[in-house]
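Peer 1: Here you go, one structure.
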Amino acid sequence: MPSLDRHDNVFVLDLGDGENRFHPEWLTAVGAALDEVDKAEGPRALVTAATGKFYSNGLDLDWLFAHADQHHDYVVSVHELFARMLSLPVVTVAALQGHTFAAGAMFSLAHDFRVMRADRGFWCLPEADINIPFTPGMAALIQSRLAPQTAHEAMVTARRYGGSDAAAAGIVEQAVGEDALRSTAIEIAQAQVAKAGDTLGTIKTRMYAPALATLRDTTNPLG
């Protein structure tokens, strides 16, 4: 399960050491960690990271298929996680040490910055290959955070981007060696800790107002 630590003014949220799929309990734990970061006072920033082969493999499809009657509420909770991260009033950095797929990739896009391991792991939106269309909120998030050409390629072709390719496409800011990944993310976050607060939250909320409105549409989240 996710765990939250603090290194000086930088909170580090470790998402786990498995596939880090969005099980309801995982979503609740991440939400509680974001509450703690949000409510803290003074300079601060947030890094999310993981341990093992995966950063996140996205939706917990096994749970979802076993609880089909909760599909609507589950998607609403996933959308809210994206909206929460996108508008969090601190600078956020995702350290992608492993595979970052589907909703996991979307979660990474909701961060302000991303650093990816250069030599292993892929960033991918596989929905076109697995026949699961993007929800309106997911599409809005992706298209608000990627250049149009990159969003089109990633969404339509389900391309798997390695670290260097992801950096070249503007999906991540840097691709670095495994040993430098988490420290680089913390350095980026540390440089921005003074910006935490209501003003930053307002800037993000206004900047991404259309995407946030779509993500927070609880009446028709599936389109």
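Identifiers for the structure tokens are assigned positionally: chains receive A, B, ... in sequence, residues are indexed from 1 per chain, and ligands are indexed from 1 in the order shown.
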Produce a table with one row for each residue of segment 86-142 of chain A that has an atom at most 6 Å from any atom of segment 177-183 of chain A, each row naming the nearest atom pair and its distance in Å at one decimal; use only C-alpha atoms; arrange rows by chain and rising residue number; format as a Markdown table.
Peer 2:
| residue | atom | partner | partner_atom | distance |
| --- | --- | --- | --- | --- |
| A:Ala95 | CA | A:Arg182 | CA | 6.0 |
| A:Arg117 | CA | A:Glu178 | CA | 5.6 |
| A:Ala118 | CA | A:Gly177 | CA | 5.7 |
Peer 1: Please provide the set of residues having any atom within 8 Å of segment 8-21 of chain A, restricted to only C-alpha atoms, with same-chain residues fewer than 6 positions apart removed, written as number ranges by chain.
Peer 2: A: 1-2, 30, 33, 37, 43-60, 104, 186, 189-190, 193
Peer 1: If you measure from atom CA of Phe65 of chain A to atom CA of Leu96 of chain A, what distance in Å do you get, rounded to one decimal?
Peer 2: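 Separation of atom CA of Phe65 of chain A and atom CA of Leu96 of chain A: 27.5 Å.
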Peer 1: Within segment 52-176 of chain A, find each residue whose DSSP state, derived from the backbone, is strand (DSSP E or B), and express the selection as a PyMOL selection string.
Peer 2: chain A and resi 54-56+59+91-96+99-101+113-117+123-124+160-161+174-176
Peer 1: Considering only C-alpha atoms, can you say which of A:Val78, A:Met116, A:Met138, A:Ala29 comes closest to Ile171 of chain A?
Peer 2: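 Of A:Val78, A:Met116, A:Met138, A:Ala29, the one nearest Ile171 of chain A, counting only C-alpha atoms, is A:Met116.
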